[in-house]
$ cat query.pdb   # PDB, C-alpha atoms
ATOM      1  CA  MET A   1     248.742 116.179 241.049
ATOM      2  CA  THR A   2     251.647 117.289 238.923
ATOM      3  CA  ALA A   3     253.963 120.090 239.940
ATOM      4  CA  SER A   4     253.023 123.585 238.856
ATOM      5  CA  ARG A   5     254.571 124.394 235.488
ATOM      6  CA  PRO A   6     256.562 127.607 235.260
ATOM      7  CA  ARG A   7     255.189 129.980 232.640
ATOM      8  CA  ARG A   8     257.576 130.499 229.747
ATOM      9  CA  ARG A   9     259.122 133.942 229.362
ATOM     10  CA  PRO A  10     257.939 135.926 226.356
ATOM     11  CA  LEU A  11     259.927 135.208 223.213
ATOM     12  CA  THR A  12     262.124 137.944 221.760
ATOM     13  CA  LEU A  13     263.740 138.873 218.456
ATOM     14  CA  ARG A  14     266.946 137.376 219.814
ATOM     15  CA  ASP A  15     265.266 133.946 220.101
ATOM     16  CA  VAL A  16     264.225 134.112 216.438
ATOM     17  CA  SER A  17     267.698 135.359 215.501
ATOM     18  CA  LEU A  18     269.372 132.412 217.213
ATOM     19  CA  ALA A  19     266.922 129.908 215.751
ATOM     20  CA  SER A  20     267.257 131.224 212.190
ATOM     21  CA  GLY A  21     270.957 132.144 212.209
ATOM     22  CA  VAL A  22     270.057 135.663 211.044
ATOM     23  CA  SER A  23     270.845 138.976 212.773
ATOM     24  CA  GLU A  24     268.211 140.602 214.998
ATOM     25  CA  MET A  25     268.074 143.604 212.663
ATOM     26  CA  THR A  26     267.262 141.369 209.697
ATOM     27  CA  VAL A  27     264.714 139.450 211.721
ATOM     28  CA  SER A  28     263.034 142.759 212.590
ATOM     29  CA  ARG A  29     262.958 143.807 208.926
ATOM     30  CA  VAL A  30     261.355 140.526 207.892
ATOM     31  CA  LEU A  31     258.724 140.492 210.627
ATOM     32  CA  ARG A  32     257.785 144.127 209.999
ATOM     33  CA  ASN A  33     257.905 143.586 206.235
ATOM     34  CA  ARG A  34     260.398 146.407 205.757
ATOM     35  CA  GLY A  35     263.689 146.633 203.947
ATOM     36  CA  ASP A  36     265.268 144.567 201.194
ATOM     37  CA  VAL A  37     265.637 140.945 202.345
ATOM     38  CA  SER A  38     266.175 137.948 200.083
ATOM     39  CA  ALA A  39     263.393 135.424 199.670
ATOM     40  CA  ALA A  40     265.546 132.652 201.153
ATOM     41  CA  THR A  41     266.369 134.704 204.262
ATOM     42  CA  ARG A  42     262.757 135.786 204.657
ATOM     43  CA  GLU A  43     261.572 132.186 204.514
ATOM     44  CA  LYS A  44     264.216 131.125 207.034
ATOM     45  CA  VAL A  45     263.140 133.803 209.503
ATOM     46  CA  LEU A  46     259.410 133.182 209.075
ATOM     47  CA  ASN A  47     259.843 129.425 209.516
ATOM     48  CA  ALA A  48     261.860 129.950 212.677
ATOM     49  CA  ALA A  49     259.323 132.425 214.095
ATOM     50  CA  ARG A  50     256.434 130.094 213.311
ATOM     51  CA  ALA A  51     258.154 127.082 214.890
ATOM     52  CA  LEU A  52     258.923 129.064 218.055
ATOM     53  CA  GLY A  53     255.496 130.680 218.247
ATOM     54  CA  TYR A  54     256.988 134.171 218.167
ATOM     55  CA  VAL A  55     254.573 137.073 217.607
ATOM     56  CA  PRO A  56     255.901 140.631 217.035
ATOM     57  CA  ASN A  57     254.994 143.292 219.583
ATOM     58  CA  LYS A  58     252.732 146.012 218.148
ATOM     59  CA  ILE A  59     252.923 148.237 221.228
ATOM     60  CA  ALA A  60     254.942 151.435 220.774
ATOM     61  CA  GLY A  61     258.610 151.172 221.711
ATOM     62  CA  GLY A  62     258.289 153.216 224.889
ATOM     63  CA  LEU A  63     255.701 150.750 226.186
ATOM     64  CA  ALA A  64     257.341 147.614 224.881
ATOM     65  CA  SER A  65     258.024 146.189 228.332
ATOM     66  CA  GLN A  66     254.407 146.598 229.421
ATOM     67  CA  ARG A  67     251.112 144.904 228.661
ATOM     68  CA  VAL A  68     247.776 146.420 227.761
ATOM     69  CA  ASN A  69     244.717 146.002 229.966
ATOM     70  CA  LEU A  70     243.039 143.655 227.493
ATOM     71  CA  VAL A  71     242.111 139.987 227.823
ATOM     72  CA  ALA A  72     242.000 138.131 224.507
ATOM     73  CA  VAL A  73     238.893 135.926 224.355
ATOM     74  CA  VAL A  74     238.847 133.542 221.389
ATOM     75  CA  ILE A  75     235.647 131.601 220.649
ATOM     76  CA  PRO A  76     234.468 129.596 217.628
ATOM     77  CA  SER A  77     231.132 131.337 217.053
ATOM     78  CA  LEU A  78     228.978 134.322 218.006
ATOM     79  CA  SER A  79     225.797 132.742 216.624
ATOM     80  CA  ASN A  80     226.040 129.666 218.864
ATOM     81  CA  LEU A  81     223.685 130.053 221.856
ATOM     82  CA  VAL A  82     226.376 128.646 224.158
ATOM     83  CA  PHE A  83     228.861 131.490 224.139
ATOM     84  CA  PRO A  84     226.873 134.522 225.352
ATOM     85  CA  ASP A  85     226.703 132.964 228.832
ATOM     86  CA  VAL A  86     230.442 132.273 228.792
ATOM     87  CA  LEU A  87     231.167 135.855 227.746
ATOM     88  CA  GLY A  88     228.787 137.117 230.424
ATOM     89  CA  GLY A  89     230.689 135.223 233.094
ATOM     90  CA  ILE A  90     234.021 136.563 231.852
ATOM     91  CA  SER A  91     232.758 140.136 231.716
ATOM     92  CA  ALA A  92     231.225 139.942 235.213
ATOM     93  CA  GLU A  93     234.488 138.801 236.797
ATOM     94  CA  LEU A  94     236.640 141.336 234.942
ATOM     95  CA  ASP A  95     234.282 144.221 235.718
ATOM     96  CA  ASP A  96     236.174 145.428 238.811
ATOM     97  CA  THR A  97     239.691 144.638 237.610
ATOM     98  CA  GLY A  98     240.403 147.324 235.000
ATOM     99  CA  LEU A  99     240.750 144.571 232.390
ATOM    100  CA  GLN A 100     238.623 144.550 229.242
ATOM    101  CA  PRO A 101     237.733 141.435 227.218
ATOM    102  CA  VAL A 102     238.317 141.639 223.469
ATOM    103  CA  VAL A 103     236.649 138.901 221.427
ATOM    104  CA  GLY A 104     237.966 137.089 218.356
ATOM    105  CA  VAL A 105     235.948 134.493 216.389
ATOM    106  CA  THR A 106     237.480 131.465 214.644
ATOM    107  CA  ASN A 107     234.417 129.905 212.936
ATOM    108  CA  TYR A 108     235.772 126.527 214.089
ATOM    109  CA  GLY A 109     238.728 126.862 211.696
ATOM    110  CA  PRO A 110     242.300 126.048 212.829
ATOM    111  CA  ALA A 111     243.839 128.443 210.286
ATOM    112  CA  ARG A 112     241.466 131.202 211.361
ATOM    113  CA  GLU A 113     242.387 130.545 215.003
ATOM    114  CA  GLU A 114     246.075 130.977 214.133
ATOM    115  CA  ALA A 115     245.351 134.343 212.494
ATOM    116  CA  VAL A 116     243.214 135.573 215.409
ATOM    117  CA  LEU A 117     245.801 134.544 217.997
ATOM    118  CA  TYR A 118     248.632 136.122 216.028
ATOM    119  CA  ASP A 119     246.842 139.483 215.885
ATOM    120  CA  MET A 120     245.704 139.405 219.502
ATOM    121  CA  ILE A 121     249.021 138.321 220.994
ATOM    122  CA  SER A 122     250.836 141.023 219.011
ATOM    123  CA  TRP A 123     249.072 143.586 221.227
ATOM    124  CA  ARG A 124     250.455 141.857 224.335
ATOM    125  CA  PRO A 125     247.232 141.189 226.267
ATOM    126  CA  THR A 126     247.292 140.531 229.990
ATOM    127  CA  GLY A 127     245.805 137.077 229.471
ATOM    128  CA  ILE A 128     244.213 134.745 226.930
ATOM    129  CA  ILE A 129     240.955 132.782 227.244
ATOM    130  CA  LEU A 130     240.069 130.497 224.350
ATOM    131  CA  ALA A 131     237.631 127.691 223.673
ATOM    132  CA  GLY A 132     238.839 124.119 223.371
ATOM    133  CA  LEU A 133     242.009 122.132 223.895
ATOM    134  CA  GLU A 134     242.731 121.190 220.278
ATOM    135  CA  HIS A 135     244.897 123.646 218.351
ATOM    136  CA  SER A 136     247.302 123.588 215.421
ATOM    137  CA  ARG A 137     251.005 123.297 216.155
ATOM    138  CA  ALA A 138     251.489 126.973 215.310
ATOM    139  CA  SER A 139     248.659 128.109 217.589
ATOM    140  CA  ARG A 140     249.942 126.023 220.477
ATOM    141  CA  ALA A 141     253.451 127.407 220.022
ATOM    142  CA  MET A 142     252.108 130.979 220.141
ATOM    143  CA  LEU A 143     250.122 130.208 223.292
ATOM    144  CA  GLU A 144     253.107 128.590 224.972
ATOM    145  CA  GLY A 145     255.308 131.552 224.096
ATOM    146  CA  ALA A 146     252.850 134.294 225.052
ATOM    147  CA  GLY A 147     254.215 134.611 228.580
ATOM    148  CA  VAL A 148     250.767 135.348 230.088
ATOM    149  CA  PRO A 149     248.033 133.240 231.717
ATOM    150  CA  VAL A 150     246.332 131.068 229.086
ATOM    151  CA  VAL A 151     243.005 129.485 230.030
ATOM    152  CA  GLU A 152     241.402 127.000 227.660
ATOM    153  CA  ILE A 153     237.688 126.696 228.388
ATOM    154  CA  MET A 154     234.679 124.395 227.876
ATOM    155  CA  ASP A 155     236.647 121.130 227.986
ATOM    156  CA  VAL A 156     239.005 119.248 230.332
ATOM    157  CA  ASP A 157     239.456 116.052 228.288
ATOM    158  CA  GLY A 158     243.056 116.675 227.240
ATOM    159  CA  THR A 159     246.298 118.430 228.142
ATOM    160  CA  PRO A 160     246.086 122.218 228.493
ATOM    161  CA  VAL A 161     248.784 124.689 227.477
ATOM    162  CA  ASP A 162     248.521 126.268 230.919
ATOM    163  CA  THR A 163     245.071 125.957 232.555
ATOM    164  CA  ALA A 164     241.800 124.333 231.473
ATOM    165  CA  VAL A 165     238.362 125.184 232.903
ATOM    166  CA  GLY A 166     235.327 123.213 231.826
ATOM    167  CA  ILE A 167     233.480 119.930 231.998
ATOM    168  CA  SER A 168     234.436 116.493 230.764
ATOM    169  CA  HIS A 169     232.375 115.960 227.628
ATOM    170  CA  ASP A 170     233.214 112.277 227.689
ATOM    171  CA  ARG A 171     231.672 112.135 231.171
ATOM    172  CA  ALA A 172     228.636 114.147 230.048
ATOM    173  CA  GLY A 173     227.943 111.649 227.251
ATOM    174  CA  THR A 174     228.539 108.671 229.540
ATOM    175  CA  GLU A 175     226.179 110.006 232.205
ATOM    176  CA  MET A 176     223.438 110.805 229.688
ATOM    177  CA  ALA A 177     223.585 107.241 228.385
ATOM    178  CA  GLY A 178     223.197 105.990 231.950
ATOM    179  CA  HIS A 179     220.061 108.079 232.524
ATOM    180  CA  ILE A 180     218.515 106.941 229.241
ATOM    181  CA  LEU A 181     219.198 103.283 229.949
ATOM    182  CA  ALA A 182     217.920 103.567 233.528
ATOM    183  CA  ALA A 183     214.640 104.922 232.142
ATOM    184  CA  GLY A 184     214.208 101.736 230.107
ATOM    185  CA  TYR A 185     214.966 102.967 226.579
ATOM    186  CA  ARG A 186     216.856 100.559 224.334
ATOM    187  CA  ARG A 187     216.401 101.544 220.663
ATOM    188  CA  ILE A 188     218.408 104.746 220.634
ATOM    189  CA  GLY A 189     219.343 107.111 217.827
ATOM    190  CA  PHE A 190     221.695 110.100 217.661
ATOM    191  CA  ILE A 191     221.395 113.373 215.732
ATOM    192  CA  GLY A 192     224.329 115.759 215.662
ATOM    193  CA  THR A 193     226.906 117.866 213.935
ATOM    194  CA  HIS A 194     229.335 116.439 211.402
ATOM    195  CA  MET A 195     231.799 119.320 211.793
ATOM    196  CA  PRO A 196     235.277 117.743 212.134
ATOM    197  CA  GLU A 197     236.471 120.561 214.377
ATOM    198  CA  ASP A 198     233.658 120.222 216.935
ATOM    199  CA  HIS A 199     235.832 118.123 219.219
ATOM    200  CA  ARG A 200     233.570 118.487 222.247
ATOM    201  CA  ALA A 201     230.547 116.999 220.433
ATOM    202  CA  ARG A 202     232.769 114.141 219.246
ATOM    203  CA  LYS A 203     233.924 113.406 222.811
ATOM    204  CA  ARG A 204     230.345 113.371 224.125
ATOM    205  CA  LEU A 205     229.277 110.905 221.466
ATOM    206  CA  ALA A 206     232.283 108.679 222.231
ATOM    207  CA  GLY A 207     231.402 108.554 225.937
ATOM    208  CA  PHE A 208     227.733 107.991 225.091
ATOM    209  CA  GLU A 209     228.420 105.060 222.750
ATOM    210  CA  ARG A 210     230.930 103.479 225.112
ATOM    211  CA  ALA A 211     228.372 103.499 227.946
ATOM    212  CA  LEU A 212     225.724 101.978 225.696
ATOM    213  CA  GLU A 213     228.107  99.250 224.555
ATOM    214  CA  ALA A 214     229.036  98.442 228.153
ATOM    215  CA  ALA A 215     225.328  97.759 228.779
ATOM    216  CA  GLY A 216     225.050  95.616 225.657
ATOM    217  CA  VAL A 217     223.082  98.235 223.723
ATOM    218  CA  ALA A 218     224.091  99.421 220.258
ATOM    219  CA  LEU A 219     223.309 102.840 218.796
ATOM    220  CA  VAL A 220     220.630 101.934 216.240
ATOM    221  CA  ALA A 221     220.819 104.949 213.919
ATOM    222  CA  ARG A 222     222.442 108.343 213.503
ATOM    223  CA  GLU A 223     221.963 111.452 211.409
ATOM    224  CA  TYR A 224     224.569 114.176 210.875
ATOM    225  CA  TYR A 225     224.309 117.701 209.520
ATOM    226  CA  GLN A 226     226.799 120.267 208.269
ATOM    227  CA  GLY A 227     227.070 123.886 209.392
ATOM    228  CA  GLY A 228     225.246 125.652 212.210
ATOM    229  CA  SER A 229     222.414 124.299 214.325
ATOM    230  CA  SER A 230     218.799 125.382 213.932
ATOM    231  CA  LEU A 231     215.256 124.401 214.850
ATOM    232  CA  ALA A 232     214.620 123.632 211.177
ATOM    233  CA  LYS A 233     217.490 121.126 211.067
ATOM    234  CA  GLY A 234     216.207 119.480 214.223
ATOM    235  CA  ARG A 235     212.769 119.042 212.666
ATOM    236  CA  GLU A 236     214.149 117.802 209.344
ATOM    237  CA  LEU A 237     216.573 115.270 210.788
ATOM    238  CA  THR A 238     214.110 113.961 213.368
ATOM    239  CA  GLU A 239     211.593 113.266 210.596
ATOM    240  CA  ARG A 240     214.296 111.623 208.488
ATOM    241  CA  ILE A 241     215.691 109.323 211.172
ATOM    242  CA  LEU A 242     212.235 108.186 212.322
ATOM    243  CA  ALA A 243     211.139 107.528 208.739
ATOM    244  CA  ARG A 244     214.130 105.230 208.400
ATOM    245  CA  GLU A 245     213.926 103.681 211.884
ATOM    246  CA  PRO A 246     210.326 104.059 213.133
ATOM    247  CA  GLU A 247     210.937 101.761 216.111
ATOM    248  CA  LEU A 248     213.401 104.134 217.782
ATOM    249  CA  ASP A 249     212.337 104.932 221.339
ATOM    250  CA  PHE A 250     214.904 107.623 222.164
ATOM    251  CA  LEU A 251     216.775 110.393 220.326
ATOM    252  CA  TYR A 252     219.916 112.013 221.752
ATOM    253  CA  TYR A 253     220.787 115.345 220.109
ATOM    254  CA  SER A 254     224.221 116.960 220.189
ATOM    255  CA  ASN A 255     222.718 120.263 221.360
ATOM    256  CA  ASP A 256     219.479 121.778 222.642
ATOM    257  CA  LEU A 257     218.653 123.811 219.536
ATOM    258  CA  ILE A 258     218.261 120.840 217.219
ATOM    259  CA  GLY A 259     216.682 118.899 220.099
ATOM    260  CA  ALA A 260     214.076 121.633 220.454
ATOM    261  CA  GLY A 261     213.318 121.359 216.731
ATOM    262  CA  GLY A 262     212.862 117.620 217.127
ATOM    263  CA  LEU A 263     210.569 118.082 220.112
ATOM    264  CA  ILE A 264     208.349 120.549 218.245
ATOM    265  CA  TRP A 265     208.115 118.214 215.235
ATOM    266  CA  ALA A 266     207.217 115.194 217.394
ATOM    267  CA  ARG A 267     204.519 117.081 219.327
ATOM    268  CA  GLU A 268     202.954 118.339 216.102
ATOM    269  CA  ARG A 269     202.523 114.696 215.061
ATOM    270  CA  GLY A 270     200.993 113.653 218.363
ATOM    271  CA  ILE A 271     203.837 111.338 219.359
ATOM    272  CA  ASP A 272     203.665 110.273 223.014
ATOM    273  CA  ILE A 273     206.626 111.931 224.742
ATOM    274  CA  PRO A 274     208.257 110.505 226.805
ATOM    275  CA  GLY A 275     206.216 107.275 226.692
ATOM    276  CA  LYS A 276     206.761 106.196 223.083
ATOM    277  CA  LEU A 277     209.713 108.468 222.339
ATOM    278  CA  GLY A 278     212.207 110.083 224.697
ATOM    279  CA  LEU A 279     214.379 113.068 223.751
ATOM    280  CA  ALA A 280     217.465 114.743 225.213
ATOM    281  CA  GLY A 281     219.833 117.532 224.168
ATOM    282  CA  PHE A 282     222.916 119.183 225.581
ATOM    283  CA  ASN A 283     223.826 122.599 227.047
ATOM    284  CA  GLY A 284     220.789 123.663 229.107
ATOM    285  CA  VAL A 285     220.215 126.919 227.194
ATOM    286  CA  ASP A 286     217.448 129.399 228.094
ATOM    287  CA  LEU A 287     215.657 128.505 224.859
ATOM    288  CA  LEU A 288     214.207 125.491 226.670
ATOM    289  CA  ASP A 289     212.209 127.696 229.031
ATOM    290  CA  GLY A 290     209.830 128.664 226.226
ATOM    291  CA  LEU A 291     209.050 125.156 224.969
ATOM    292  CA  PRO A 292     205.703 123.452 225.682
ATOM    293  CA  MET A 293     207.709 120.655 227.337
ATOM    294  CA  ARG A 294     211.098 120.932 228.987
ATOM    295  CA  LEU A 295     213.703 119.038 226.984
ATOM    296  CA  ALA A 296     215.944 116.719 228.991
ATOM    297  CA  THR A 297     219.487 118.060 228.755
ATOM    298  CA  THR A 298     222.841 118.569 230.455
ATOM    299  CA  ASP A 299     223.808 121.874 232.041
ATOM    300  CA  ALA A 300     227.326 122.502 230.706
ATOM    301  CA  ARG A 301     228.089 125.141 233.398
ATOM    302  CA  ARG A 302     228.808 127.890 230.881
ATOM    303  CA  LEU A 303     228.470 130.907 233.173
ATOM    304  CA  ASP A 304     230.607 129.237 235.851
ATOM    305  CA  ILE A 305     233.246 128.377 233.257
ATOM    306  CA  GLY A 306     233.473 132.007 232.122
ATOM    307  CA  ARG A 307     233.748 133.264 235.682
ATOM    308  CA  ARG A 308     236.408 130.756 236.763
ATOM    309  CA  ALA A 309     238.508 131.416 233.646
ATOM    310  CA  ALA A 310     238.390 135.182 234.176
ATOM    311  CA  ARG A 311     239.354 134.805 237.844
ATOM    312  CA  ILE A 312     242.500 132.918 236.829
ATOM    313  CA  VAL A 313     243.492 135.523 234.223
ATOM    314  CA  ALA A 314     242.789 138.423 236.610
ATOM    315  CA  GLY A 315     244.839 136.858 239.386
ATOM    316  CA  LYS A 316     241.837 136.478 241.698
ATOM    317  CA  ASP A 317     242.342 132.712 241.931
ATOM    318  CA  PRO A 318     245.619 130.771 241.806
ATOM    319  CA  ARG A 319     246.309 128.384 238.991
ATOM    320  CA  PRO A 320     245.656 124.796 240.182
ATOM    321  CA  GLU A 321     248.732 122.613 240.474
ATOM    322  CA  ASP A 322     247.595 120.219 237.755
ATOM    323  CA  GLY A 323     246.223 123.007 235.560
ATOM    324  CA  ILE A 324     242.697 121.530 235.514
ATOM    325  CA  ILE A 325     239.493 123.008 236.932
ATOM    326  CA  ALA A 326     236.855 120.362 236.208
ATOM    327  CA  LEU A 327     233.240 121.332 236.833
ATOM    328  CA  SER A 328     230.527 118.679 237.025
ATOM    329  CA  PRO A 329     228.016 118.451 234.168
ATOM    330  CA  THR A 330     224.480 118.437 235.606
ATOM    331  CA  PHE A 331     221.684 116.272 234.204
ATOM    332  CA  LEU A 332     218.332 118.094 233.889
ATOM    333  CA  PRO A 333     215.550 115.518 233.277
ATOM    334  CA  GLY A 334     212.869 117.935 232.087
ATOM    335  CA  ASP A 335     209.703 116.310 230.714
ATOM    336  CA  THR A 336     211.053 114.262 227.797
ATOM    337  CA  ILE A 337     212.519 111.228 229.550
ATOM    338  CA  ARG A 338     210.564 108.683 231.609
ATOM    339  CA  SER A 339     210.914 108.992 235.365
ATOM    340  CA  VAL A 340     213.017 106.327 237.029
ATOM    341  CA  ARG A 341     211.279 104.669 239.955
TER     342      ARG A 341
END

$ encode --input "query.pdb" --output "structure tokens"
Amino acid sequence: MTASRPRRRPLTLRDVSLASGVSEMTVSRVLRNRGDVSAATREKVLNAARALGYVPNKIAGGLASQRVNLVAVVIPSLSNLVFPDVLGGISAELDDTGLQPVVGVTNYGPAREEAVLYDMISWRPTGIILAGLEHSRASRAMLEGAGVPVVEIMDVDGTPVDTAVGISHDRAGTEMAGHILAAGYRRIGFIGTHMPEDHRARKRLAGFERALEAAGVALVAREYYQGGSSLAKGRELTERILAREPELDFLYYSNDLIGAGGLIWARERGIDIPGKLGLAGFNGVDLLDGLPMRLATTDARRLDIGRRAARIVAGKDPRPEDGIIALSPTFLPGDTIRSVR
């Protein structure tokens, strides 16, 4: 384990002044967009502030040394079935602390994440919880300079700003490949998102393919889609990939929603599941409870992740020395993968 990293003190106007070579008064004018300041000076100040990760304080002067009882929670989507459980875990742990979660949505966009963080940090929250480990340079600088607990959630495959709570998606993909191979499937296809900012789906696929390759099995076919997941996309892409590669005996989906669409399509066509075709998704969402067959999947520990992150921010649990709280992904075999004897 590495030694515990000291949290950086909050940045001040003086830090921006020293970095830009401009007086604190001028820095204040630029950052509050007041007063007559030349374009060259304004650019110098803004560049320095951005490089440092400085965010102005919007709290009234008399309260400037304090923090509000808010926890900034930054997630990529409200429509994704994954995040309600995470938010539920956060809310449950903060319920008796006097802290209130405030949610910002990035739509998986790095520039949007920068804007959300800038606004939220300007109100000096007590802590920050945000999804993922990959951020722009500006976002990471703001997080490092916030001077409060920062907990990055859902993923531990990387280096956190302060603390990370989640599962290893590389491990989740590797373990799923092992279960599929152990069940005797060999002609395997993948259906998933093509969103470049969905780093966790990319890591799962990397672990999945590496495990297949280690066993001498190649991924036969893949289909990608843009935008959000849906049952309709699962149906459409399952039909497309099997029309192209009818001999596939297993389909691994990047999430349960499109996997559920694929399962419904295959059952409508009388395909023998799991004998002729096996299926598996990812996340373990409640949606699966209403399907005629239970889709094989991985429980990503969403509720636990939300709770553990909130406990760190609220001071209920200490920050681990190495900054990593890794929870174990749990394989749920359901009814769509052959039993291993």

$ closest_residue --input "query.pdb" --among "A:Gln226, A:Thr238, A:Ser38, A:Ser77" --to "A:Leu251" --atoms "all atoms listed in the file"
A:Thr238

$ residues_around --input "query.pdb" --residues "A:Val150" --least-positions-apart "4" --cutoff "6 Å" --atoms "all atoms listed in the file" --output "list of chain:residue names"
A:Ile128, A:Ile129, A:Asp162

$ write_last_selection --input "query.pdb" --atoms "C-alpha atoms" --output "PDB file, keeping the file's coordinate frame"
ATOM      1  CA  ILE A 128     244.213 134.745 226.930  1.00  0.00           C
ATOM      2  CA  ILE A 129     240.955 132.782 227.244  1.00  0.00           C
ATOM      3  CA  ASP A 162     248.521 126.268 230.919  1.00  0.00           C
TER       4      ASP A 162
END

$ closest_residue --input "query.pdb" --among "A:Gly88, A:Gly278, A:Pro76, A:Gly315" --to "A:Gly127" --atoms "all atoms listed in the file"
A:Gly315

$ atom_distance --input "query.pdb" --atom1 "atom CA of A:Leu291" --atom2 "atom CA of A:Leu81"
15.7 Å

$ resolve_selection --input "query.pdb" --expression "the PyMOL selection byres ((chain A and resi 259-269) around 8)" --output "PyMOL selection string"
chain A and resi 230-239+252-258+270-273+279-281+288+291+295

$ resolve_selection --input "query.pdb" --expression "the PyMOL selection byres ((chain A and resi 98-106) around 8)" --output "PyMOL selection string"
chain A and resi 69-78+90-91+94-97+107-110+112-113+116+314

$ resolve_selection --input "query.pdb" --expression "the PyMOL selection byres ((chain A and resi 192) around 7)" --output "ChimeraX atom specification"
/A:190-191,193-194,223-225,253-254

$ closest_residue --input "query.pdb" --among "A:Asp157, A:Glu209, A:Glu247, A:Asp85" --to "A:Ile324" --atoms "all atoms listed in the file"
A:Asp157

$ residues_around --input "query.pdb" --residues "A:Asp335" --least-positions-apart "5" --cutoff "7 Å" --atoms "all atoms listed in the file" --output "PyMOL selection string"
chain A and resi 293-296

$ residues_around --input "query.pdb" --residues "A:Val16" --least-positions-apart "6" --cutoff "10 Å" --atoms "all atoms listed in the file" --output "PDB file with C-alpha atoms, in the frame of the given file"
ATOM      1  CA  VAL A  22     270.057 135.663 211.044  1.00  0.00           C
ATOM      2  CA  SER A  23     270.845 138.976 212.773  1.00  0.00           C
ATOM      3  CA  GLU A  24     268.211 140.602 214.998  1.00  0.00           C
ATOM      4  CA  VAL A  27     264.714 139.450 211.721  1.00  0.00           C
ATOM      5  CA  SER A  28     263.034 142.759 212.590  1.00  0.00           C
ATOM      6  CA  LYS A  44     264.216 131.125 207.034  1.00  0.00           C
ATOM      7  CA  VAL A  45     263.140 133.803 209.503  1.00  0.00           C
ATOM      8  CA  LEU A  46     259.410 133.182 209.075  1.00  0.00           C
ATOM      9  CA  ASN A  47     259.843 129.425 209.516  1.00  0.00           C
ATOM     10  CA  ALA A  48     261.860 129.950 212.677  1.00  0.00           C
ATOM     11  CA  ALA A  49     259.323 132.425 214.095  1.00  0.00           C
ATOM     12  CA  ARG A  50     256.434 130.094 213.311  1.00  0.00           C
ATOM     13  CA  ALA A  51     258.154 127.082 214.890  1.00  0.00           C
ATOM     14  CA  LEU A  52     258.923 129.064 218.055  1.00  0.00           C
ATOM     15  CA  GLY A  53     255.496 130.680 218.247  1.00  0.00           C
ATOM     16  CA  TYR A  54     256.988 134.171 218.167  1.00  0.00           C
TER      17      TYR A  54
END

$ residues_around --input "query.pdb" --residues "stretch 171-187 of chain A" --least-positions-apart "4" --cutoff "7 Å" --atoms "only C-alpha atoms" --output "list in words"
Arg204, Leu205, Gly207, Phe208, Ala211, Leu212, Val217, Val220, Leu248, Asp249, Phe250, Pro329, Arg338, Ser339 and Val340 of chain A

$ write_last_selection --input "query.pdb" --atoms "C-alpha atoms" --output "mmCIF file, in the coordinates of the input"
data_model
loop_
_atom_site.group_PDB
_atom_site.id
_atom_site.type_symbol
_atom_site.label_atom_id
_atom_site.label_comp_id
_atom_site.auth_asym_id
_atom_site.auth_seq_id
_atom_site.Cartn_x
_atom_site.Cartn_y
_atom_site.Cartn_z
ATOM 1 C CA ARG A 204 230.345 113.371 224.125
ATOM 2 C CA LEU A 205 229.277 110.905 221.466
ATOM 3 C CA GLY A 207 231.402 108.554 225.937
ATOM 4 C CA PHE A 208 227.733 107.991 225.091
ATOM 5 C CA ALA A 211 228.372 103.499 227.946
ATOM 6 C CA LEU A 212 225.724 101.978 225.696
ATOM 7 C CA VAL A 217 223.082 98.235 223.723
ATOM 8 C CA VAL A 220 220.630 101.934 216.240
ATOM 9 C CA LEU A 248 213.401 104.134 217.782
ATOM 10 C CA ASP A 249 212.337 104.932 221.339
ATOM 11 C CA PHE A 250 214.904 107.623 222.164
ATOM 12 C CA PRO A 329 228.016 118.451 234.168
ATOM 13 C CA ARG A 338 210.564 108.683 231.609
ATOM 14 C CA SER A 339 210.914 108.992 235.365
ATOM 15 C CA VAL A 340 213.017 106.327 237.029
#

$ residues_around --input "query.pdb" --residues "A:Ile325" --least-positions-apart "3" --cutoff "7 Å" --atoms "all atoms listed in the file" --output "list in words"
Ala164, Val165 and Gly166 of chain A

$ atom_distance --input "query.pdb" --atom1 "atom CA of A:Arg319" --atom2 "atom CA of A:Lys203"
25.3 Å

$ axis_aligned_box --input "query.pdb" --around "stretch 151-169 of chain A" --padding-each-side "8 Å" --output "lines of an AutoDock Vina configuration file"
center_x = 240.6
center_y = 122.7
center_z = 230.1
size_x = 32.4
size_y = 29.5
size_z = 21.7

$ decode --input "query.pdb" --residues "stretch 176-180 of chain A" --atoms "N, CA, C and O atoms" --output "PDB file, in the first residue's frame"
ATOM      1  N   MET A 176     -16.324 -13.138 -16.778  1.00  0.00           N
ATOM      2  CA  MET A 176     -17.430 -13.564 -17.619  1.00  0.00           C
ATOM      3  C   MET A 176     -16.936 -14.487 -18.728  1.00  0.00           C
ATOM      4  O   MET A 176     -17.570 -15.513 -19.035  1.00  0.00           O
ATOM      5  N   ALA A 177     -15.816 -14.148 -19.335  1.00  0.00           N
ATOM      6  CA  ALA A 177     -15.254 -15.011 -20.374  1.00  0.00           C
ATOM      7  C   ALA A 177     -14.969 -16.404 -19.817  1.00  0.00           C
ATOM      8  O   ALA A 177     -15.231 -17.419 -20.474  1.00  0.00           O
ATOM      9  N   GLY A 178     -14.452 -16.461 -18.599  1.00  0.00           N
ATOM     10  CA  GLY A 178     -14.162 -17.752 -17.984  1.00  0.00           C
ATOM     11  C   GLY A 178     -15.413 -18.598 -17.793  1.00  0.00           C
ATOM     12  O   GLY A 178     -15.393 -19.817 -18.049  1.00  0.00           O
ATOM     13  N   HIS A 179     -16.513 -17.978 -17.369  1.00  0.00           N
ATOM     14  CA  HIS A 179     -17.761 -18.719 -17.178  1.00  0.00           C
ATOM     15  C   HIS A 179     -18.318 -19.216 -18.505  1.00  0.00           C
ATOM     16  O   HIS A 179     -18.830 -20.350 -18.593  1.00  0.00           O
ATOM     17  N   ILE A 180     -18.220 -18.401 -19.535  1.00  0.00           N
ATOM     18  CA  ILE A 180     -18.731 -18.780 -20.855  1.00  0.00           C
ATOM     19  C   ILE A 180     -17.929 -19.951 -21.420  1.00  0.00           C
ATOM     20  O   ILE A 180     -18.491 -20.932 -21.927  1.00  0.00           O
TER      21      ILE A 180
END
